[in-house]
>>> print(open('run.txt').read())   # compact mmCIF, C-alpha atoms
# COMPACT_ATOMS: atom_id res chain seq x y z
CA MET A 1 -5.58 6.37 -13.50
CA THR A 2 -4.49 8.70 -10.69
CA SER A 3 -5.80 6.29 -8.06
CA ALA A 4 -3.82 3.48 -9.69
CA TYR A 5 -0.58 5.47 -9.38
CA LEU A 6 -1.35 6.30 -5.74
CA ILE A 7 -1.90 2.61 -5.00
CA ALA A 8 1.34 1.65 -6.76
CA VAL A 9 3.32 4.31 -4.88
CA PHE A 10 1.84 3.29 -1.52
CA LEU A 11 2.44 -0.44 -2.03
CA SER A 12 5.98 -0.04 -3.36
CA LEU A 13 6.73 2.19 -0.36
CA LEU A 14 5.43 -0.52 1.97
CA VAL A 15 7.56 -3.13 0.22
CA ALA A 16 10.70 -0.98 0.57
CA VAL A 17 10.02 -0.29 4.25
CA ALA A 18 9.36 -4.00 4.88
CA GLU A 19 12.70 -4.89 3.27
CA LEU A 20 14.53 -2.42 5.52
CA LEU A 21 12.68 -3.70 8.60
CA SER A 22 13.74 -7.26 7.81
CA LYS A 23 17.41 -6.36 7.30
CA PHE A 24 18.08 -3.81 10.07
CA LYS A 25 16.30 -5.31 13.05
CA ASP A 26 17.81 -3.63 16.11
CA GLU A 27 16.47 -0.11 15.40
CA PRO A 28 14.61 -0.27 12.06
CA PHE A 29 12.35 2.74 12.55
CA LYS A 30 15.27 4.90 13.63
CA ILE A 31 17.07 3.99 10.41
CA ILE A 32 14.01 4.77 8.30
CA GLY A 33 13.41 8.03 10.14
CA LYS A 34 16.94 9.44 10.14
CA ASN A 35 19.16 7.71 7.58
CA PHE A 36 19.54 9.57 4.28
CA PHE A 37 20.40 6.42 2.31
CA ALA A 38 17.32 4.65 3.69
CA TRP A 39 15.13 7.34 2.17
CA VAL A 40 16.98 7.10 -1.14
CA TYR A 41 16.36 3.33 -0.98
CA ILE A 42 12.64 3.86 -0.36
CA LEU A 43 12.28 6.52 -3.07
CA PHE A 44 14.14 4.35 -5.57
CA ASN A 45 11.71 1.49 -4.90
CA VAL A 46 8.78 3.89 -5.33
CA MET A 47 10.26 4.99 -8.64
CA ILE A 48 10.52 1.36 -9.76
CA GLY A 49 6.87 0.81 -8.86
CA THR A 50 5.79 3.93 -10.73
CA VAL A 51 7.79 3.07 -13.84
CA SER A 52 6.45 -0.48 -13.73
CA LEU A 53 2.88 0.78 -13.65
CA TYR A 54 3.58 3.15 -16.53
CA LEU A 55 4.98 0.35 -18.66
CA ILE A 56 2.12 -2.01 -17.81
CA THR A 57 -0.57 0.55 -18.64
CA ARG A 58 1.16 1.81 -21.78
CA THR A 59 1.34 -1.72 -23.18
CA ASN A 60 -2.26 -2.53 -22.12
CA LEU A 61 -0.91 -5.69 -20.56
CA PHE A 62 -3.90 -6.03 -18.23
CA GLY A 63 -6.51 -4.15 -20.27
CA THR A 64 -7.87 -0.62 -20.29
CA THR A 65 -10.74 -0.60 -17.76
CA GLU A 66 -10.54 1.02 -14.33
CA TYR A 67 -10.47 -2.44 -12.78
CA ASP A 68 -7.55 -3.38 -15.05
CA PHE A 69 -5.66 -0.28 -13.90
CA ILE A 70 -6.18 -1.30 -10.25
CA LYS A 71 -4.83 -4.79 -11.00
CA ALA A 72 -1.88 -3.18 -12.73
CA ALA A 73 -1.29 -0.94 -9.70
CA PHE A 74 -1.14 -3.94 -7.34
CA THR A 75 1.19 -5.76 -9.71
CA ALA A 76 3.47 -2.74 -10.03
CA GLY A 77 3.41 -1.91 -6.32
CA LEU A 78 3.91 -5.41 -4.93
CA GLY A 79 5.73 -7.07 -7.80
CA SER A 80 7.67 -4.23 -9.38
CA THR A 81 11.02 -5.79 -8.48
CA VAL A 82 9.99 -8.98 -10.28
CA PHE A 83 8.59 -7.08 -13.26
CA MET A 84 11.62 -4.82 -13.65
CA ARG A 85 14.23 -7.49 -12.91
CA SER A 86 14.02 -9.06 -16.34
CA LYS A 87 17.16 -10.40 -17.97
CA PHE A 88 18.35 -9.91 -21.54
CA PHE A 89 21.24 -12.36 -21.19
CA LYS A 90 23.80 -13.62 -18.68
CA THR A 91 27.55 -13.28 -18.64
CA GLN A 92 30.33 -14.20 -16.23
CA ILE A 93 32.38 -11.61 -14.39
CA ASN A 94 35.15 -12.94 -12.11
CA GLY A 95 33.58 -16.38 -12.26
CA LYS A 96 30.17 -15.12 -11.16
CA ASP A 97 27.01 -15.22 -13.27
CA ILE A 98 25.75 -11.67 -13.88
CA ALA A 99 22.35 -10.93 -15.43
CA ILE A 100 22.52 -8.12 -17.96
CA GLY A 101 19.35 -6.06 -18.14
CA PRO A 102 17.25 -3.90 -15.77
CA GLU A 103 17.94 -6.41 -12.99
CA PHE A 104 21.67 -5.70 -13.07
CA ILE A 105 21.23 -1.93 -12.67
CA ILE A 106 18.55 -2.25 -9.98
CA ASN A 107 20.44 -4.84 -7.93
CA VAL A 108 23.71 -2.90 -8.01
CA PHE A 109 22.00 0.32 -6.93
CA LEU A 110 19.93 -1.30 -4.14
CA GLU A 111 22.87 -3.34 -2.82
CA THR A 112 25.04 -0.20 -2.76
CA LEU A 113 22.38 1.67 -0.79
CA GLU A 114 22.02 -1.23 1.65
CA THR A 115 25.79 -1.19 2.16
CA MET A 116 25.77 2.55 2.89
CA ILE A 117 22.89 2.16 5.36
CA ASP A 118 24.69 -0.72 7.03
CA ARG A 119 27.94 1.24 7.36
CA ASP A 120 26.18 4.20 8.98
CA ARG A 121 24.35 1.92 11.39
CA ALA A 122 27.52 -0.09 12.11
CA LEU A 123 29.30 3.09 13.24
CA GLU A 124 26.39 4.01 15.53
CA ARG A 125 26.36 0.49 16.99
CA LYS A 126 30.13 0.56 17.55
CA ASN A 127 30.00 3.87 19.42
CA LEU A 128 27.06 2.76 21.57
CA VAL A 129 28.59 -0.58 22.51
CA GLU A 130 31.97 0.93 23.37
CA LYS A 131 30.31 3.65 25.43
CA HIS A 132 28.09 1.35 27.50
CA MET A 133 30.20 -1.83 27.70
CA SER A 134 33.79 -0.61 28.09
CA ASP A 135 33.68 -0.83 31.91
CA ILE A 136 31.51 -3.96 32.13
CA ASP A 137 33.06 -7.26 33.21
CA PHE A 138 31.85 -10.01 30.88
CA SER A 139 32.06 -12.93 33.30
CA THR A 140 30.09 -11.02 35.95
CA ALA A 141 27.48 -9.64 33.58
CA LYS A 142 26.85 -12.57 31.22
CA ASP A 143 24.32 -14.54 33.30
CA TYR A 144 22.52 -11.36 34.34
CA VAL A 145 22.21 -10.20 30.73
CA ILE A 146 20.84 -13.55 29.48
CA ALA A 147 18.43 -13.91 32.40
CA THR A 148 17.19 -10.33 31.98
CA ILE A 149 16.64 -10.67 28.24
CA LEU A 150 14.78 -13.96 28.55
CA ALA A 151 12.69 -12.90 31.56
CA SER A 152 11.75 -9.44 30.32
CA SER A 153 10.89 -10.29 26.72
CA GLN A 154 7.48 -11.83 26.00
CA THR A 155 7.97 -12.70 22.34
CA HIS A 156 11.07 -14.89 22.28
CA SER A 157 10.45 -18.41 20.98
CA GLN A 158 12.23 -21.50 22.20
CA GLU A 159 14.41 -21.28 19.12
CA SER A 160 15.48 -17.68 19.75
CA THR A 161 16.03 -18.44 23.45
CA LYS A 162 18.38 -21.25 22.47
CA GLU A 163 20.17 -18.97 19.99
CA ILE A 164 20.77 -16.28 22.63
CA MET A 165 22.20 -18.77 25.11
CA GLU A 166 24.41 -20.39 22.45
CA GLU A 167 25.70 -17.01 21.27
CA ALA A 168 26.59 -16.02 24.82
CA ASP A 169 28.41 -19.33 25.40
CA LYS A 170 30.26 -18.87 22.11
CA ILE A 171 31.44 -15.44 23.26
CA GLU A 172 32.59 -16.91 26.57
CA ARG A 173 34.62 -19.63 24.82
CA SER A 174 36.21 -17.27 22.30
CA PRO A 175 39.95 -16.51 22.74
CA VAL A 176 39.53 -12.72 22.61
CA SER A 177 40.20 -10.36 25.52
CA ASP A 178 37.65 -9.74 28.28
CA THR A 179 37.01 -6.26 26.93
CA ASP A 180 36.20 -7.64 23.49
CA LYS A 181 33.92 -10.24 25.08
CA SER A 182 32.06 -7.42 26.81
CA TYR A 183 31.70 -5.61 23.50
CA ALA A 184 30.41 -8.80 21.86
CA LEU A 185 27.89 -9.13 24.69
CA GLY A 186 26.78 -5.57 23.98
CA TYR A 187 26.20 -6.38 20.32
CA LEU A 188 24.21 -9.43 21.40
CA ILE A 189 21.99 -7.22 23.56
CA MET A 190 21.42 -4.82 20.67
CA ASP A 191 20.72 -7.58 18.16
CA TYR A 192 17.93 -9.08 20.25
CA MET A 193 16.63 -6.16 22.30
CA GLY A 194 17.67 -2.94 20.59
CA GLU A 195 19.52 0.23 21.43
CA ARG A 196 17.39 1.47 24.32
CA PHE A 197 17.67 -1.84 26.17
CA LEU A 198 21.47 -1.65 25.95
CA LYS A 199 21.45 1.88 27.36
CA GLU A 200 19.25 0.88 30.29
CA MET A 201 20.72 -2.57 31.03
CA PHE A 202 23.34 -1.49 33.58
CA LYS A 203 22.01 1.99 34.38
CA ASN A 204 20.94 1.34 37.97
CA ASN A 205 23.55 -1.21 39.04
CA SER A 206 26.61 -0.53 36.93
CA GLU A 207 28.97 -0.75 39.93
CA ARG A 208 28.05 -4.41 40.40
CA PHE A 209 29.29 -5.33 36.94
CA LYS A 210 32.25 -2.99 36.53
CA SER A 211 35.53 -4.61 35.56
CA SER A 212 38.32 -4.29 38.10
>>> encode(input="run.txt", output="structure tokens")
Amino acid sequence: MTSAYLIAVFLSLLVAVAELLSKFKDEPFKIIGKNFFAWVYILFNVMIGTVSLYLITRTNLFGTTEYDFIKAAFTAGLGSTVFMRSKFFKTQINGKDIAIGPEFIINVFLETLETMIDRDRALERKNLVEKHMSDIDFSTAKDYVIATILASSQTHSQESTKEIMEEADKIERSPVSDTDKSYALGYLIMDYMGERFLKEMFKNNSERFKSS
């Protein structure tokens, strides 16, 4: 039984980490390592997995052998969100269908945590972009940035390459100020290459791209 709980905890932890990795792509491991709300998110998912396993084993849903407990552990660890997100009934709130049951509580809590993580990371991204892009001239730097990203990265697909170029062209055509275009270019760098790449992008030749 102990081994079943360890498996459930480990798998639900992996699921939570994978969800965070998929949603916060520029610096996912930094978020997991330092953000308080990310750890609450992970621990909440672990709790769901543990409670799911308890309910499965208490109801003998899979049986009572050691093998049955292992199956229950995998179900609880990998599918706890499905198992716990059952619905008692649905109602409408402000014209939106809301499921009433464990799903409602879990979704509200997880979405709130995701929002808090996103707000913390958004502030970090804002400060970094303004620090490193405030003196950069967009029109001078744009082609260099795109060429550097595409040439230095070895994992970009044709689709992502097209996306990067289209995003840069969209920034160039936007009616915002040159400073805001430079900031948008900084966010583009972070989205595709991360925080460290932004910090190093203009480190050795910043004078060449400084706005007049």
>>> residues_around(input="run.txt", residues="Leu21 of chain A", least_positions_apart="3", cutoff="12 Å", atoms="only C-alpha atoms", output="list of chain:residue names")
A:Leu14, A:Val15, A:Ala16, A:Val17, A:Ala18, A:Phe24, A:Lys25, A:Asp26, A:Glu27, A:Pro28, A:Phe29, A:Lys30, A:Ile31, A:Ile32, A:Gly33, A:Ala38, A:Ile42, A:Glu114
>>> residues_around(input="run.txt", residues="Glu167 of chain A", least_positions_apart="5", cutoff="12 Å", atoms="only C-alpha atoms", output="PyMOL selection string")
chain A and resi 142+146+160-162+172-174+181+184-189+191-192
>>> axis_aligned_box(input="run.txt", around="segment 52-60 of chain A", padding_each_side="5 Å", output="AutoDock Vina command-line options")
--center_x 2.1 --center_y 0.3 --center_z -18.4 --size_x 18.7 --size_y 15.7 --size_z 19.5
>>> closest_residue(input="run.txt", among="A:Thr75, A:Thr179, A:Thr59, A:Ser3", to="Asp135 of chain A", atoms="only C-alpha atoms")
A:Thr179
>>> closest_residue(input="run.txt", among="A:Phe138, A:Phe109, A:Phe197, A:Tyr183", to="Phe44 of chain A", atoms="only C-alpha atoms")
A:Phe109
>>> closest_residue(input="run.txt", among="A:Glu19, A:Val9, A:Ile149, A:Ala4", to="Glu111 of chain A", atoms="all atoms listed in the file")
A:Glu19
>>> closest_residue(input="run.txt", among="A:His132, A:Phe10, A:Tyr5, A:Lys170", to="Thr57 of chain A", atoms="all atoms listed in the file")
A:Tyr5
>>> atom_distance(input="run.txt", atom1="atom CA of Met133 of chain A", atom2="atom CA of Ser182 of chain A")
6.0 Å
>>> closest_residue(input="run.txt", among="A:Asn205, A:Ile136, A:Asn35, A:Leu128", to="Met190 of chain A", atoms="all atoms listed in the file")
A:Leu128
>>> closest_residue(input="run.txt", among="A:Leu6, A:Arg208, A:Ala72, A:Met116", to="Trp39 of chain A", atoms="only C-alpha atoms")
A:Met116
>>> decode(input="run.txt", residues="segment 47-62 of chain A", atoms="N, CA, C and O atoms", output="short mmCIF file (atom, residue, chain, number, x, y, z; two decimals), in the first residue's frame")
data_model
loop_
_atom_site.label_atom_id
_atom_site.label_comp_id
_atom_site.auth_asym_id
_atom_site.auth_seq_id
_atom_site.Cartn_x
_atom_site.Cartn_y
_atom_site.Cartn_z
N MET A 47 -2.00 16.39 -3.77
CA MET A 47 -3.08 16.09 -2.84
C MET A 47 -4.26 15.43 -3.56
O MET A 47 -4.86 14.47 -3.07
N ILE A 48 -4.58 15.94 -4.75
CA ILE A 48 -5.67 15.35 -5.54
C ILE A 48 -5.35 13.89 -5.86
O ILE A 48 -6.21 13.01 -5.75
N GLY A 49 -4.10 13.63 -6.27
CA GLY A 49 -3.70 12.26 -6.58
C GLY A 49 -3.80 11.35 -5.38
O GLY A 49 -4.25 10.20 -5.48
N THR A 50 -3.38 11.86 -4.22
CA THR A 50 -3.42 11.06 -3.00
C THR A 50 -4.85 10.76 -2.57
O THR A 50 -5.19 9.62 -2.21
N VAL A 51 -5.70 11.78 -2.61
CA VAL A 51 -7.11 11.58 -2.25
C VAL A 51 -7.79 10.63 -3.24
O VAL A 51 -8.59 9.77 -2.83
N SER A 52 -7.45 10.76 -4.51
CA SER A 52 -8.02 9.85 -5.51
C SER A 52 -7.65 8.41 -5.22
O SER A 52 -8.51 7.51 -5.28
N LEU A 53 -6.39 8.18 -4.89
CA LEU A 53 -5.96 6.81 -4.56
C LEU A 53 -6.68 6.29 -3.32
O LEU A 53 -7.11 5.13 -3.28
N TYR A 54 -6.83 7.15 -2.33
CA TYR A 54 -7.54 6.74 -1.11
C TYR A 54 -8.97 6.31 -1.43
O TYR A 54 -9.44 5.26 -0.96
N LEU A 55 -9.65 7.10 -2.24
CA LEU A 55 -11.04 6.79 -2.58
C LEU A 55 -11.13 5.50 -3.39
O LEU A 55 -12.04 4.69 -3.19
N ILE A 56 -10.19 5.33 -4.34
CA ILE A 56 -10.21 4.13 -5.17
C ILE A 56 -9.99 2.88 -4.32
O ILE A 56 -10.69 1.88 -4.47
N THR A 57 -9.01 2.94 -3.43
CA THR A 57 -8.69 1.75 -2.62
C THR A 57 -9.76 1.48 -1.56
O THR A 57 -10.04 0.33 -1.24
N ARG A 58 -10.34 2.53 -1.02
CA ARG A 58 -11.37 2.34 0.00
C ARG A 58 -12.64 1.72 -0.57
O ARG A 58 -13.38 1.02 0.12
N THR A 59 -12.90 2.00 -1.85
CA THR A 59 -14.10 1.44 -2.49
C THR A 59 -13.82 0.13 -3.21
O THR A 59 -14.73 -0.44 -3.82
N ASN A 60 -12.54 -0.33 -3.15
CA ASN A 60 -12.15 -1.58 -3.83
C ASN A 60 -12.54 -1.56 -5.31
O ASN A 60 -12.97 -2.57 -5.86
N LEU A 61 -12.40 -0.40 -5.90
CA LEU A 61 -12.80 -0.24 -7.30
C LEU A 61 -12.00 -1.15 -8.24
O LEU A 61 -12.53 -1.67 -9.21
N PHE A 62 -10.72 -1.34 -7.94
CA PHE A 62 -9.86 -2.16 -8.79
C PHE A 62 -9.58 -3.54 -8.20
O PHE A 62 -8.99 -4.38 -8.85
#
